[in-house]
Amino acid sequence: MNTNISQENLKTYSEKFHAVPAHTIAMNAVISNGVNASAKNYNAICRDTPVYSIHLDQGKVTNQKQSGRCWMFAALNCMRFRVMKKLNLEDFELSQNFTFFYDKLEKANYFLESILKTLDEQTDSRLIAHLLTAPVQDGGQWDMIANIVSKYGVVPKSAMPETKSSSASREMGGYLTEKLRGYACEIRTAYENGAAKEELRAKKDNMMSTIYRMLCICLGEPPKTFDFEYRDKNKNFHRDVNLTPKDFYKKYVDMELTDYISLINAPTKTKPFYRSYTVAYLGNVAEGQPVKYVNLPSDVLKKAAIAQLKDGEPVWFGCDVGKREARDEGIMDLDIYKLEDLFDTDFPMSKGERLDYGQSLMTHAMVFQGVDLDEEGKPIRWRVENS
């Protein structure tokens, strides 16, 4: 058996390429315009009109900028919807920087606690390598924002605005990661040299004080109390003074995040439907609830989302963003690009196969703010609020 690409192979490949005139046409189009522009499906654009039978009003689009806080922005957008409705506001934002601060702080503590729990693991083990990969990454899950908000509350954006490091988090995240990896080395080395776990935990407390200081320098220190001032749609002025973040959350958001369940659709052989799943060592608040999912068929997810929208409530969701997306038109559609026609081949993997083989995963969280239903109540298209 020939395992190499021979000159004869190359000749055959070239002859097959030139045997179909459309291949040369496609080559010329892609060379000049790129793959997606050459494969864009005009009919899909015409079909995906931005009109919805259920349409929730929302404020201006929020912007996570150069940070990985989509999950946090999406959750806070769900919460701000309630505040705007309750207070009759044209627009409003909750502070993404406030929850970002405490998420980073809690993730640092969660990481160090994980290091303390795994002291008997070899440094080159897969588990330790996994823990060291991204100790305080920006990303997160619904249960993680629920943990932060339940513990710390929320504040208006005016009480803790964005900073350079919250809007462009790479530098801060890099130095926090460097510090935490150094701390992991320090803890594990001390343990190898005979230090007691009580001594190591005392070290951890001092380490967390440094992490807190670094976060204050980058993001500012979160307010302990603040005054909330606003004008409603009727131009009436309101002031509520000396609120704590938890007071504000209870009074103005009034939403129990832990009552909500994360539903997923992962049609793989290893994850039967109608069961709950979690991921080891994925979390932020050490004493908080674990990240959990219930795996369900996609039609069940759609029914749940439609029911929530009919109740006048936005839906937090995550998906694989970046594939089959036309940014200029604001459309995500599996048929937006005629790639099969362009490349004269098919892409036949099922969703379960894409998940198993690394071709797909949840990359971005957003909010459903509407849906268009046909005469039978089935969804035609979804209205998405992105950050």
# chains A, B, ... in the order shown; residues from 1 in each chain; ligands from 1

call {"tool": "select_by_dssp", "arguments": {"residues": "range 92-326 of chain A", "states": "helix (DSSP H, G or I)", "output": "number ranges by chain"}}
result
A: 96-117, 126-133, 142-152, 157-159, 164-167, 170-192, 197-219, 245-253, 257-259, 298-310

call {"tool": "residues_around", "arguments": {"residues": "Cys216 in chain A", "least_positions_apart": "3", "cutoff": "12 Å", "atoms": "only C-alpha atoms", "output": "list of chain:residue names"}}
result
A:Asn97, A:Phe98, A:Phe100, A:Phe101, A:Tyr102, A:Lys104, A:Leu105, A:Met160, A:Thr163, A:Ser165, A:Ser166, A:Met172, A:Ser209, A:Thr210, A:Ile211, A:Tyr212, A:Arg213, A:Leu219, A:Gly220, A:Glu221, A:Pro222, A:Pro223

call {"tool": "residues_around", "arguments": {"residues": "range 187-202 of chain A", "least_positions_apart": "3", "cutoff": "8 Å", "atoms": "only C-alpha atoms", "output": "number ranges by chain"}}
result
A: 115-116, 119, 183-184, 205-206

call {"tool": "atom_distance", "arguments": {"atom1": "CA of Trp382 in chain A", "atom2": "CA of Leu301 in chain A"}}
result
13.1 Å

call {"tool": "closest_residue", "arguments": {"among": "A:Ala326, A:Val155, A:Met72, A:Leu257", "to": "Ala44 in chain A", "atoms": "only C-alpha atoms"}}
result
A:Ala326

call {"tool": "residues_around", "arguments": {"residues": "His238 in chain A", "least_positions_apart": "2", "cutoff": "10 Å", "atoms": "only C-alpha atoms", "output": "ChimeraX atom specification"}}
result
/A:87,228-232,235-236,240

call {"tool": "closest_residue", "arguments": {"among": "A:Ser350, A:Asn295, A:Thr99, A:Gln122", "to": "Leu76 in chain A", "atoms": "only C-alpha atoms"}}
result
A:Thr99

call {"tool": "residues_around", "arguments": {"residues": "Glu329 in chain A", "least_positions_apart": "6", "cutoff": "12 Å", "atoms": "only C-alpha atoms", "output": "list in words"}}
result
Ala37, Lys40, Asn41, Tyr42, Ala44, Ile45, Cys46, Asp48, Thr49, Pro50 and Ile336 of chain A

call {"tool": "residues_around", "arguments": {"residues": "Val291 in chain A", "least_positions_apart": "2", "cutoff": "10 Å", "atoms": "only C-alpha atoms", "output": "list in words"}}
result
Gly140, Gln141, Trp142, Asp143, Met144, Ala146, Asn147, Ile261, Ser262, Tyr277, Thr278, Val279, Ala280, Tyr281, Leu282, Gly283, Asn284, Gly288, Gln289 and Tyr293 of chain A

call {"tool": "write_last_selection", "arguments": {"atoms": "N, CA and C atoms", "output": "PDB file, in the first residue's frame"}}
result
ATOM      1  N   GLY A 140     -17.741  31.223  31.621  1.00  0.00           N
ATOM      2  CA  GLY A 140     -18.520  30.693  32.733  1.00  0.00           C
ATOM      3  C   GLY A 140     -19.836  30.102  32.285  1.00  0.00           C
ATOM      4  N   GLN A 141     -20.636  29.693  33.252  1.00  0.00           N
ATOM      5  CA  GLN A 141     -21.912  29.028  33.027  1.00  0.00           C
ATOM      6  C   GLN A 141     -22.998  29.725  33.837  1.00  0.00           C
ATOM      7  N   TRP A 142     -24.254  29.363  33.573  1.00  0.00           N
ATOM      8  CA  TRP A 142     -25.375  29.976  34.290  1.00  0.00           C
ATOM      9  C   TRP A 142     -25.236  29.772  35.799  1.00  0.00           C
ATOM     10  N   ASP A 143     -24.925  28.566  36.237  1.00  0.00           N
ATOM     11  CA  ASP A 143     -24.829  28.305  37.675  1.00  0.00           C
ATOM     12  C   ASP A 143     -23.735  29.142  38.326  1.00  0.00           C
ATOM     13  N   MET A 144     -22.735  29.522  37.559  1.00  0.00           N
ATOM     14  CA  MET A 144     -21.643  30.317  38.112  1.00  0.00           C
ATOM     15  C   MET A 144     -22.071  31.769  38.343  1.00  0.00           C
ATOM     16  N   ALA A 146     -25.152  32.583  38.877  1.00  0.00           N
ATOM     17  CA  ALA A 146     -26.117  32.442  39.970  1.00  0.00           C
ATOM     18  C   ALA A 146     -25.396  32.435  41.316  1.00  0.00           C
ATOM     19  N   ASN A 147     -24.258  31.754  41.378  1.00  0.00           N
ATOM     20  CA  ASN A 147     -23.483  31.725  42.622  1.00  0.00           C
ATOM     21  C   ASN A 147     -22.977  33.112  43.003  1.00  0.00           C
ATOM     22  N   ILE A 261     -32.847  26.146  35.558  1.00  0.00           N
ATOM     23  CA  ILE A 261     -32.083  24.938  35.243  1.00  0.00           C
ATOM     24  C   ILE A 261     -31.482  25.072  33.845  1.00  0.00           C
ATOM     25  N   SER A 262     -30.237  24.673  33.710  1.00  0.00           N
ATOM     26  CA  SER A 262     -29.576  24.689  32.401  1.00  0.00           C
ATOM     27  C   SER A 262     -29.943  23.426  31.628  1.00  0.00           C
ATOM     28  N   TYR A 277     -26.088  16.138  34.337  1.00  0.00           N
ATOM     29  CA  TYR A 277     -24.642  15.960  34.228  1.00  0.00           C
ATOM     30  C   TYR A 277     -23.932  17.147  34.874  1.00  0.00           C
ATOM     31  N   THR A 278     -22.691  16.905  35.266  1.00  0.00           N
ATOM     32  CA  THR A 278     -21.848  17.981  35.765  1.00  0.00           C
ATOM     33  C   THR A 278     -20.443  17.764  35.225  1.00  0.00           C
ATOM     34  N   VAL A 279     -19.560  18.719  35.483  1.00  0.00           N
ATOM     35  CA  VAL A 279     -18.171  18.633  35.041  1.00  0.00           C
ATOM     36  C   VAL A 279     -17.277  18.816  36.265  1.00  0.00           C
ATOM     37  N   ALA A 280     -16.415  17.854  36.531  1.00  0.00           N
ATOM     38  CA  ALA A 280     -15.532  17.938  37.687  1.00  0.00           C
ATOM     39  C   ALA A 280     -14.600  19.135  37.590  1.00  0.00           C
ATOM     40  N   TYR A 281     -14.413  19.814  38.702  1.00  0.00           N
ATOM     41  CA  TYR A 281     -13.504  20.959  38.812  1.00  0.00           C
ATOM     42  C   TYR A 281     -13.895  22.113  37.882  1.00  0.00           C
ATOM     43  N   LEU A 282     -15.191  22.246  37.611  1.00  0.00           N
ATOM     44  CA  LEU A 282     -15.701  23.411  36.880  1.00  0.00           C
ATOM     45  C   LEU A 282     -16.588  24.193  37.832  1.00  0.00           C
ATOM     46  N   GLY A 283     -16.177  25.412  38.160  1.00  0.00           N
ATOM     47  CA  GLY A 283     -16.980  26.226  39.065  1.00  0.00           C
ATOM     48  C   GLY A 283     -16.266  27.512  39.398  1.00  0.00           C
ATOM     49  N   ASN A 284     -16.871  28.287  40.309  1.00  0.00           N
ATOM     50  CA  ASN A 284     -16.219  29.511  40.771  1.00  0.00           C
ATOM     51  C   ASN A 284     -16.332  29.672  42.291  1.00  0.00           C
ATOM     52  N   GLY A 288     -20.557  27.264  46.577  1.00  0.00           N
ATOM     53  CA  GLY A 288     -21.763  27.451  45.771  1.00  0.00           C
ATOM     54  C   GLY A 288     -22.273  26.153  45.173  1.00  0.00           C
ATOM     55  N   GLN A 289     -23.398  26.278  44.467  1.00  0.00           N
ATOM     56  CA  GLN A 289     -23.967  25.087  43.840  1.00  0.00           C
ATOM     57  C   GLN A 289     -23.113  24.681  42.636  1.00  0.00           C
ATOM     58  N   TYR A 293     -26.304  20.306  34.279  1.00  0.00           N
ATOM     59  CA  TYR A 293     -27.087  20.391  33.049  1.00  0.00           C
ATOM     60  C   TYR A 293     -28.067  19.217  33.015  1.00  0.00           C
TER      61      TYR A 293
END

call {"tool": "atom_distance", "arguments": {"atom1": "CA of Lys85 in chain A", "atom2": "CA of Lys303 in chain A"}}
result
24.4 Å

call {"tool": "residues_around", "arguments": {"residues": "Glu340 in chain A", "least_positions_apart": "2", "cutoff": "12 Å", "atoms": "only C-alpha atoms", "output": "compact mmCIF listing (two decimals) with N, CA, C and O atoms, in the first residue's frame"}}
result
# COMPACT_ATOMS: atom_id res chain seq x y z
N HIS A 23 -15.41 24.03 -10.69
CA HIS A 23 -14.32 24.09 -9.73
C HIS A 23 -13.45 25.32 -9.97
O HIS A 23 -13.02 26.01 -9.04
N ALA A 26 -15.34 28.43 -8.94
CA ALA A 26 -15.32 28.56 -7.48
C ALA A 26 -13.95 29.06 -7.01
O ALA A 26 -13.86 29.92 -6.12
N VAL A 35 -14.11 32.57 1.23
CA VAL A 35 -15.02 31.43 1.18
C VAL A 35 -16.46 31.84 1.45
O VAL A 35 -17.37 31.58 0.65
N ASN A 36 -16.71 32.47 2.59
CA ASN A 36 -18.09 32.74 2.98
C ASN A 36 -18.80 33.68 2.02
O ASN A 36 -19.96 33.48 1.66
N SER A 38 -18.26 34.05 -1.10
CA SER A 38 -18.52 33.35 -2.36
C SER A 38 -19.65 32.34 -2.23
O SER A 38 -20.30 32.00 -3.22
N ALA A 39 -19.88 31.86 -1.01
CA ALA A 39 -20.89 30.81 -0.81
C ALA A 39 -22.19 31.34 -0.21
O ALA A 39 -23.11 30.56 0.04
N LYS A 40 -22.29 32.64 0.01
CA LYS A 40 -23.47 33.20 0.69
C LYS A 40 -24.75 32.89 -0.07
O LYS A 40 -24.81 33.04 -1.29
N ASN A 41 -25.76 32.47 0.69
CA ASN A 41 -27.03 32.03 0.11
C ASN A 41 -28.04 33.18 0.14
O ASN A 41 -28.58 33.52 1.19
N LEU A 334 -28.06 27.53 9.31
CA LEU A 334 -27.30 26.41 8.77
C LEU A 334 -27.21 26.45 7.25
O LEU A 334 -26.32 25.83 6.66
N ASP A 335 -28.13 27.18 6.60
CA ASP A 335 -28.14 27.26 5.14
C ASP A 335 -27.62 28.60 4.61
O ASP A 335 -27.81 28.91 3.44
N ILE A 336 -26.99 29.41 5.48
CA ILE A 336 -26.56 30.73 5.04
C ILE A 336 -25.44 30.66 4.01
O ILE A 336 -25.26 31.57 3.19
N TYR A 337 -24.66 29.58 4.00
CA TYR A 337 -23.60 29.41 3.02
C TYR A 337 -23.79 28.09 2.28
O TYR A 337 -23.99 27.04 2.90
N LYS A 338 -23.74 28.13 0.97
CA LYS A 338 -23.85 26.92 0.15
C LYS A 338 -22.45 26.31 -0.03
O LYS A 338 -21.88 26.27 -1.13
N LEU A 342 -20.15 25.04 -3.27
CA LEU A 342 -18.88 25.71 -3.54
C LEU A 342 -17.73 24.72 -3.64
O LEU A 342 -16.91 24.78 -4.57
N PHE A 343 -17.65 23.80 -2.69
CA PHE A 343 -16.53 22.85 -2.63
C PHE A 343 -16.82 21.53 -3.33
O PHE A 343 -15.94 20.66 -3.41
N ASP A 344 -18.04 21.36 -3.81
CA ASP A 344 -18.44 20.12 -4.46
C ASP A 344 -18.18 18.90 -3.56
O ASP A 344 -17.59 17.90 -3.96
N THR A 345 -18.61 19.04 -2.30
CA THR A 345 -18.51 17.95 -1.33
C THR A 345 -19.57 18.17 -0.27
O THR A 345 -20.22 19.22 -0.24
N ASP A 346 -19.75 17.19 0.60
CA ASP A 346 -20.73 17.36 1.67
C ASP A 346 -20.04 17.39 3.02
O ASP A 346 -18.85 17.06 3.15
N PHE A 347 -20.77 17.84 4.04
CA PHE A 347 -20.31 17.88 5.43
C PHE A 347 -21.35 17.12 6.26
O PHE A 347 -22.22 17.74 6.88
N PRO A 348 -21.28 15.79 6.28
CA PRO A 348 -22.40 14.98 6.75
C PRO A 348 -22.44 14.68 8.26
O PRO A 348 -23.35 13.98 8.70

call {"tool": "closest_residue", "arguments": {"among": "A:Pro314, A:Gln58, A:Glu106, A:Gly352", "to": "Lys271 in chain A", "atoms": "only C-alpha atoms"}}
result
A:Gly352

call {"tool": "closest_residue", "arguments": {"among": "A:Ile128, A:Ala108, A:Ala307, A:Val285", "to": "Gly377 in chain A", "atoms": "only C-alpha atoms"}}
result
A:Ala307

call {"tool": "closest_residue", "arguments": {"among": "A:Ala22, A:Ala159, A:Val149, A:Val136", "to": "Leu176 in chain A", "atoms": "only C-alpha atoms"}}
result
A:Val136

call {"tool": "closest_residue", "arguments": {"among": "A:Ile25, A:Ala365, A:Asp356, A:Arg82", "to": "Lys251 in chain A", "atoms": "only C-alpha atoms"}}
result
A:Arg82

call {"tool": "select_by_dssp", "arguments": {"residues": "range 208-365 of chain A", "states": "strand (DSSP E or B)", "output": "ChimeraX atom specification"}}
result
/A:226-231,237-243,263-264,275-278,292-295,315-319,325-326,331-332,337,364-365

call {"tool": "atom_distance", "arguments": {"atom1": "CA of Phe248 in chain A", "atom2": "CA of Arg80 in chain A"}}
result
12.0 Å
